[in-house]
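**Student:** What follows is the file my_file-v8.cif, containing mmCIF, C-alpha atoms:
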data_query
loop_
_atom_site.group_PDB
_atom_site.id
_atom_site.type_symbol
_atom_site.label_atom_id
_atom_site.label_comp_id
_atom_site.auth_asym_id
_atom_site.auth_seq_id
_atom_site.Cartn_x
_atom_site.Cartn_y
_atom_site.Cartn_z
ATOM 1 C CA MET A 8 62.199 121.904 29.661
ATOM 2 C CA LEU A 9 63.838 118.506 30.081
ATOM 3 C CA SER A 10 64.059 116.346 26.999
ATOM 4 C CA SER A 11 61.200 113.900 26.514
ATOM 5 C CA GLN A 12 63.685 111.013 26.870
ATOM 6 C CA LEU A 13 64.910 112.170 30.277
ATOM 7 C CA ARG A 14 61.381 113.027 31.476
ATOM 8 C CA GLU A 15 60.209 109.532 30.485
ATOM 9 C CA LYS A 16 63.206 107.915 32.174
ATOM 10 C CA LEU A 17 62.595 109.893 35.375
ATOM 11 C CA ALA A 18 58.870 109.086 35.304
ATOM 12 C CA THR A 19 59.282 105.352 34.744
ATOM 13 C CA LYS A 20 62.429 104.591 36.726
ATOM 14 C CA GLN A 21 61.923 107.141 39.515
ATOM 15 C CA LEU A 22 64.810 107.885 41.888
ATOM 16 C CA MET A 23 66.515 105.808 44.565
ATOM 17 C CA TYR A 24 67.971 107.808 47.430
ATOM 18 C CA VAL A 25 70.789 106.011 49.240
ATOM 19 C CA ARG A 26 72.026 107.116 52.663
ATOM 20 C CA ASN A 27 74.957 105.562 54.469
ATOM 21 C CA PHE A 28 74.892 106.557 58.100
ATOM 22 C CA ALA A 29 78.506 106.192 59.198
ATOM 23 C CA LYS A 30 79.750 107.382 62.573
ATOM 24 C CA GLY A 31 81.231 110.873 62.518
ATOM 25 C CA LEU A 32 80.072 111.851 59.036
ATOM 26 C CA ASP A 33 76.890 113.715 58.156
ATOM 27 C CA VAL A 34 73.980 113.132 60.505
ATOM 28 C CA SER A 35 73.882 109.927 62.556
ATOM 29 C CA TRP A 36 71.025 107.474 62.084
ATOM 30 C CA GLN A 37 70.075 108.129 65.713
ATOM 31 C CA ASN A 38 69.614 111.852 65.028
ATOM 32 C CA PHE A 39 68.001 111.323 61.646
ATOM 33 C CA PHE A 40 65.382 108.901 62.976
ATOM 34 C CA GLN A 41 65.216 110.514 66.438
ATOM 35 C CA SER A 42 65.735 107.139 68.104
ATOM 36 C CA THR A 43 68.521 104.936 69.417
ATOM 37 C CA ASP A 44 66.335 101.831 69.156
ATOM 38 C CA LYS A 45 67.194 99.805 66.044
ATOM 39 C CA ASN A 46 63.832 98.002 66.178
ATOM 40 C CA GLU A 47 62.003 101.333 66.145
ATOM 41 C CA VAL A 48 64.081 102.478 63.154
ATOM 42 C CA GLU A 49 63.402 99.200 61.329
ATOM 43 C CA ASN A 50 59.656 99.508 61.952
ATOM 44 C CA TYR A 51 59.657 103.086 60.680
ATOM 45 C CA CYS A 52 61.564 102.046 57.566
ATOM 46 C CA ARG A 53 59.201 99.165 56.845
ATOM 47 C CA GLN A 54 56.140 101.423 57.220
ATOM 48 C CA ALA A 55 57.706 104.133 55.012
ATOM 49 C CA GLY A 56 58.833 101.701 52.301
ATOM 50 C CA ILE A 57 62.529 102.257 52.999
ATOM 51 C CA ASP A 58 64.907 99.338 52.470
ATOM 52 C CA PHE A 59 67.545 99.172 55.194
ATOM 53 C CA GLU A 60 70.634 97.183 56.045
ATOM 54 C CA TRP A 61 72.751 97.287 59.193
ATOM 55 C CA TYR A 62 76.507 96.850 58.815
ATOM 56 C CA ASP A 63 79.654 96.997 60.983
ATOM 57 C CA SER A 64 77.568 96.639 64.182
ATOM 58 C CA ASN A 65 76.215 100.212 64.095
ATOM 59 C CA GLY A 66 76.273 101.414 60.485
ATOM 60 C CA LEU A 67 73.067 101.747 58.516
ATOM 61 C CA VAL A 68 72.386 102.095 54.813
ATOM 62 C CA THR A 69 68.912 103.027 53.588
ATOM 63 C CA ARG A 70 67.467 102.968 50.090
ATOM 64 C CA GLN A 71 64.205 104.618 49.221
ATOM 65 C CA ILE A 72 62.587 104.791 45.797
ATOM 66 C CA ARG A 73 60.616 107.968 45.306
ATOM 67 C CA PRO A 74 59.076 109.758 42.324
ATOM 68 C CA ALA A 75 61.301 112.164 40.408
ATOM 69 C CA LEU A 76 58.276 113.901 38.922
ATOM 70 C CA ALA A 77 55.020 114.896 40.550
ATOM 71 C CA VAL A 78 51.729 116.420 39.519
ATOM 72 C CA HIS A 79 51.075 119.727 41.222
ATOM 73 C CA PRO A 80 47.954 119.352 43.413
ATOM 74 C CA LYS A 81 46.401 122.666 42.314
ATOM 75 C CA THR A 82 47.547 123.193 38.714
ATOM 76 C CA ASN A 83 47.805 119.519 37.664
ATOM 77 C CA GLU A 84 51.076 120.409 35.936
ATOM 78 C CA PRO A 85 53.796 117.751 35.830
ATOM 79 C CA VAL A 86 56.755 119.111 37.799
ATOM 80 C CA PHE A 87 60.356 118.089 38.450
ATOM 81 C CA PHE A 88 60.073 117.745 42.221
ATOM 82 C CA ASN A 89 62.719 115.771 44.085
ATOM 83 C CA GLN A 90 65.913 115.919 46.128
ATOM 84 C CA ILE A 91 68.444 115.129 43.394
ATOM 85 C CA GLN A 92 70.513 118.271 44.021
ATOM 86 C CA LEU A 93 70.786 117.486 47.722
ATOM 87 C CA HIS A 94 71.861 113.870 47.238
ATOM 88 C CA HIS A 95 73.724 113.422 43.935
ATOM 89 C CA ILE A 96 77.489 113.493 44.387
ATOM 90 C CA SER A 97 77.996 115.684 41.317
ATOM 91 C CA TYR A 98 76.540 118.642 43.247
ATOM 92 C CA LEU A 99 79.504 118.633 45.632
ATOM 93 C CA ASP A 100 82.709 120.546 44.909
ATOM 94 C CA THR A 101 85.171 118.479 42.868
ATOM 95 C CA GLU A 102 87.649 118.227 45.760
ATOM 96 C CA VAL A 103 84.933 116.983 48.099
ATOM 97 C CA GLN A 104 83.710 114.455 45.503
ATOM 98 C CA GLU A 105 87.226 113.103 44.980
ATOM 99 C CA SER A 106 87.886 112.910 48.712
ATOM 100 C CA LEU A 107 84.638 111.090 49.490
ATOM 101 C CA LEU A 108 85.116 108.662 46.596
ATOM 102 C CA SER A 109 88.689 107.900 47.685
ATOM 103 C CA ILE A 110 87.564 107.214 51.254
ATOM 104 C CA PHE A 111 84.248 105.427 50.695
ATOM 105 C CA GLY A 112 84.033 104.406 47.054
ATOM 106 C CA GLU A 113 80.747 104.963 45.251
ATOM 107 C CA THR A 114 78.791 102.265 47.084
ATOM 108 C CA LYS A 115 79.435 103.649 50.583
ATOM 109 C CA LEU A 116 79.052 107.384 49.933
ATOM 110 C CA PRO A 117 77.167 109.127 52.747
ATOM 111 C CA ARG A 118 74.491 110.223 50.238
ATOM 112 C CA ASN A 119 73.811 109.581 46.602
ATOM 113 C CA VAL A 120 70.896 109.148 44.262
ATOM 114 C CA TYR A 121 70.382 106.761 41.360
ATOM 115 C CA PHE A 122 67.548 105.857 39.085
ATOM 116 C CA GLY A 123 65.076 103.630 40.904
ATOM 117 C CA ASP A 124 66.461 100.505 39.253
ATOM 118 C CA GLY A 125 69.902 101.277 40.727
ATOM 119 C CA THR A 126 71.502 102.515 37.506
ATOM 120 C CA PRO A 127 73.602 105.675 37.781
ATOM 121 C CA ILE A 128 72.326 109.057 36.687
ATOM 122 C CA THR A 129 74.910 110.036 34.100
ATOM 123 C CA GLU A 130 76.872 113.266 34.013
ATOM 124 C CA ASN A 131 75.083 114.120 30.741
ATOM 125 C CA GLU A 132 71.706 113.734 32.466
ATOM 126 C CA ILE A 133 72.859 115.887 35.390
ATOM 127 C CA ALA A 134 74.163 118.465 32.882
ATOM 128 C CA GLU A 135 70.749 118.535 31.170
ATOM 129 C CA ILE A 136 68.996 119.116 34.484
ATOM 130 C CA ASN A 137 71.452 121.893 35.353
ATOM 131 C CA GLU A 138 71.003 123.509 31.948
ATOM 132 C CA VAL A 139 67.238 123.657 32.438
ATOM 133 C CA TYR A 140 67.733 125.218 35.879
ATOM 134 C CA GLN A 141 70.117 127.808 34.412
ATOM 135 C CA ARG A 142 67.771 128.708 31.538
ATOM 136 C CA SER A 143 64.798 128.964 33.889
ATOM 137 C CA GLN A 144 66.347 131.021 36.645
ATOM 138 C CA THR A 145 65.359 134.526 37.544
ATOM 139 C CA SER A 146 67.647 136.743 39.542
ATOM 140 C CA PHE A 147 67.266 140.250 40.847
ATOM 141 C CA PRO A 148 69.101 142.556 43.243
ATOM 142 C CA TRP A 149 67.562 142.394 46.680
ATOM 143 C CA GLN A 150 66.507 145.584 48.394
ATOM 144 C CA LYS A 151 65.563 146.256 51.982
ATOM 145 C CA GLY A 152 62.000 145.078 52.571
ATOM 146 C CA ASP A 153 61.911 142.571 49.704
ATOM 147 C CA ILE A 154 59.889 139.435 50.351
ATOM 148 C CA ILE A 155 59.894 136.204 48.381
ATOM 149 C CA MET A 156 56.785 134.055 48.409
ATOM 150 C CA LEU A 157 56.597 131.006 46.206
ATOM 151 C CA ASP A 158 55.081 127.635 45.616
ATOM 152 C CA ASN A 159 57.883 125.252 46.546
ATOM 153 C CA MET A 160 56.727 122.661 44.010
ATOM 154 C CA LEU A 161 56.904 125.103 41.110
ATOM 155 C CA ALA A 162 60.071 127.014 41.947
ATOM 156 C CA ALA A 163 63.526 126.132 43.162
ATOM 157 C CA HIS A 164 64.491 129.070 45.316
ATOM 158 C CA GLY A 165 67.211 130.937 47.107
ATOM 159 C CA ARG A 166 70.089 129.203 45.356
ATOM 160 C CA ASN A 167 72.358 132.258 45.064
ATOM 161 C CA PRO A 168 74.231 133.285 48.224
ATOM 162 C CA TYR A 169 72.976 136.314 50.092
ATOM 163 C CA THR A 170 75.123 138.569 52.248
ATOM 164 C CA GLY A 171 74.031 141.069 54.836
ATOM 165 C CA GLN A 172 71.486 141.060 57.607
ATOM 166 C CA ARG A 173 68.172 139.403 56.961
ATOM 167 C CA LYS A 174 65.202 137.937 58.720
ATOM 168 C CA ILE A 175 63.972 134.562 57.542
ATOM 169 C CA VAL A 176 60.365 133.632 58.175
ATOM 170 C CA VAL A 177 58.972 130.394 56.804
ATOM 171 C CA ALA A 178 55.301 129.577 56.629
ATOM 172 C CA MET A 179 54.129 126.205 55.452
ATOM 173 C CA GLY A 180 50.642 125.524 54.242
ATOM 174 C CA GLU A 181 48.843 122.405 53.125
ATOM 175 C CA MET A 182 51.678 120.035 53.977
ATOM 176 C CA THR A 183 51.925 116.967 51.812
ATOM 177 C CA ASN A 184 53.834 113.738 52.073
ATOM 178 C CA GLY A 185 54.859 111.349 49.329
ATOM 179 C CA LYS A 186 51.468 109.653 49.462
ATOM 180 C CA ASP A 187 49.712 112.960 48.762
ATOM 181 C CA ILE A 188 51.704 113.859 45.646
ATOM 182 C CA ASN A 189 50.506 112.369 42.380
ATOM 183 C CA THR A 190 53.017 111.094 39.890
ATOM 184 C CA PRO A 191 52.578 111.310 36.153
#
Translate the structure of the given file into structure tokens.
**Tutor:**
Amino acid sequence: MLSSQLREKLATKQLMYVRNFAKGLDVSWQNFFQSTDKNEVENYCRQAGIDFEWYDSNGLVTRQIRPALAVHPKTNEPVFFNQIQLHHISYLDTEVQESLLSIFGETKLPRNVYFGDGTPITENEIAEINEVYQRSQTSFPWQKGDIIMLDNMLAAHGRNPYTGQRKIVVAMGEMTNGKDINTP
């Protein structure tokens, strides 16, 4: 379990996801928003509560504050439910981190995440999150015919690499968006 200090900080400050859509790196803003019309993108961002800023004639940076914690809709448990591992630079290999920082600096990274007030998430805080993941993980040898079914809000899944043939089938039920998920 996360320390009470970090849980409180995550609950009160939330998380700010920052995306810099630069040509030729990661997904383009046109592909991400499925539009080439800047006005359409701006309208979407306004409706979704996403701050945006155009730069260098066709670059776009977005900032969106989202909850770091949620309340599970069925169990009412507070859960660590967010995209920190997808966005925080510390989850990239060291060589990739160093390369991106040398090219873009921290403020123009393609993706990063901060606390909602813009302050950095420290390496110690990331280490605490990782430690909880490590202590909580379950691993088992896969066998032919094995199936994994889980509640995506209660379990991080499939993090270890798998080799060999497999069939992936995904079924989604009771989709939610940020407005549907309660925060503590």
**Student:** Give the answer as one residue: which of A:Glu113, A:Asn65, A:Pro74, A:Ile91 has the shortest atom-to-atom distance to Asp44 in chain A, using all atoms listed in the file?
**Tutor:**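 Distance minimum relative to Asp44 in chain A lands on A:Asn65.
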**Student:** The PyMOL selection byres ((chain A and resi 63) around 12) - which residues does that actually catch in the file I just gave you? List them as a PyMOL selection string.
**Tutor:** chain A and resi 27-30+60-62+64-68
**Student:** When the PyMOL selection byres ((chain A and resi 86-89) around 8) is applied to the file above, which residues end up in the set, as a list in words?
**Tutor:** Pro74, Ala75, Leu76, Ala77, Val78, His79, Glu84, Pro85, Gln90, Ile91, Met160 and Leu161 of chain A
**Student:** Once you have the residues from the selection above, write them out as a JSON list (two decimals), in the coordinates of the input, restricted to C-alpha atoms.
**Tutor:**
[["chain", "number", "residue", "atom", "x", "y", "z"],
["A", 74, "PRO", "CA", 59.08, 109.76, 42.32],
["A", 75, "ALA", "CA", 61.30, 112.16, 40.41],
["A", 76, "LEU", "CA", 58.28, 113.90, 38.92],
["A", 77, "ALA", "CA", 55.02, 114.90, 40.55],
["A", 78, "VAL", "CA", 51.73, 116.42, 39.52],
["A", 79, "HIS", "CA", 51.08, 119.73, 41.22],
["A", 84, "GLU", "CA", 51.08, 120.41, 35.94],
["A", 85, "PRO", "CA", 53.80, 117.75, 35.83],
["A", 90, "GLN", "CA", 65.91, 115.92, 46.13],
["A", 91, "ILE", "CA", 68.44, 115.13, 43.39],
["A", 160, "MET", "CA", 56.73, 122.66, 44.01],
["A", 161, "LEU", "CA", 56.90, 125.10, 41.11]]
**Student:** Using all atoms listed in the file, what residues lie at most 12 Å away from (65.7, 106.4, 63.3) (file coordinates), given as number ranges by chain?
**Tutor:** A: 28, 34-53, 55, 57, 59, 67-69
**Student:** Where does the PyMOL selection byres ((chain A and resi 23-26) around 6) land in this file, that is, which residues does it pick, as a VMD selection string?
**Tutor:** chain A and resid 22 27 68 to 72 117 to 123
**Student:** Taking into account all atoms listed in the file, which residue in the set A:Ser97, A:Gln150, A:Thr19, A:Thr114 is nearest to Asn131 in chain A?
**Tutor:**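 Closest residue, counting all atoms listed in the file: A:Ser97.
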**Student:** For a quick check of understanding, using only C-alpha atoms, which of A:Thr129, A:Gln141, A:Ser106, A:Gln54 has the smallest distance to Met8 in chain A?
**Tutor:**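 Once distances to Met8 in chain A are computed over only C-alpha atoms, the minimum belongs to A:Gln141.
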**Student:** What is the distance, in Å and to one decimal place, between CA of Asn83 in chain A and CA of Ser10 in chain A?
**Tutor:** 19.7 Å
**Student:** One decimal, Å: what's the distance from CA of Asp153 in chain A over to CA of Arg173 in chain A, could you say?
**Tutor:**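 CA of Asp153 in chain A sits 10.1 Å away from CA of Arg173 in chain A.
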**Student:** Quick one: pull the distance between CA of Val176 in chain A and CA of Met156 in chain A, Å, one decimal.
**Tutor:** 10.4 Å
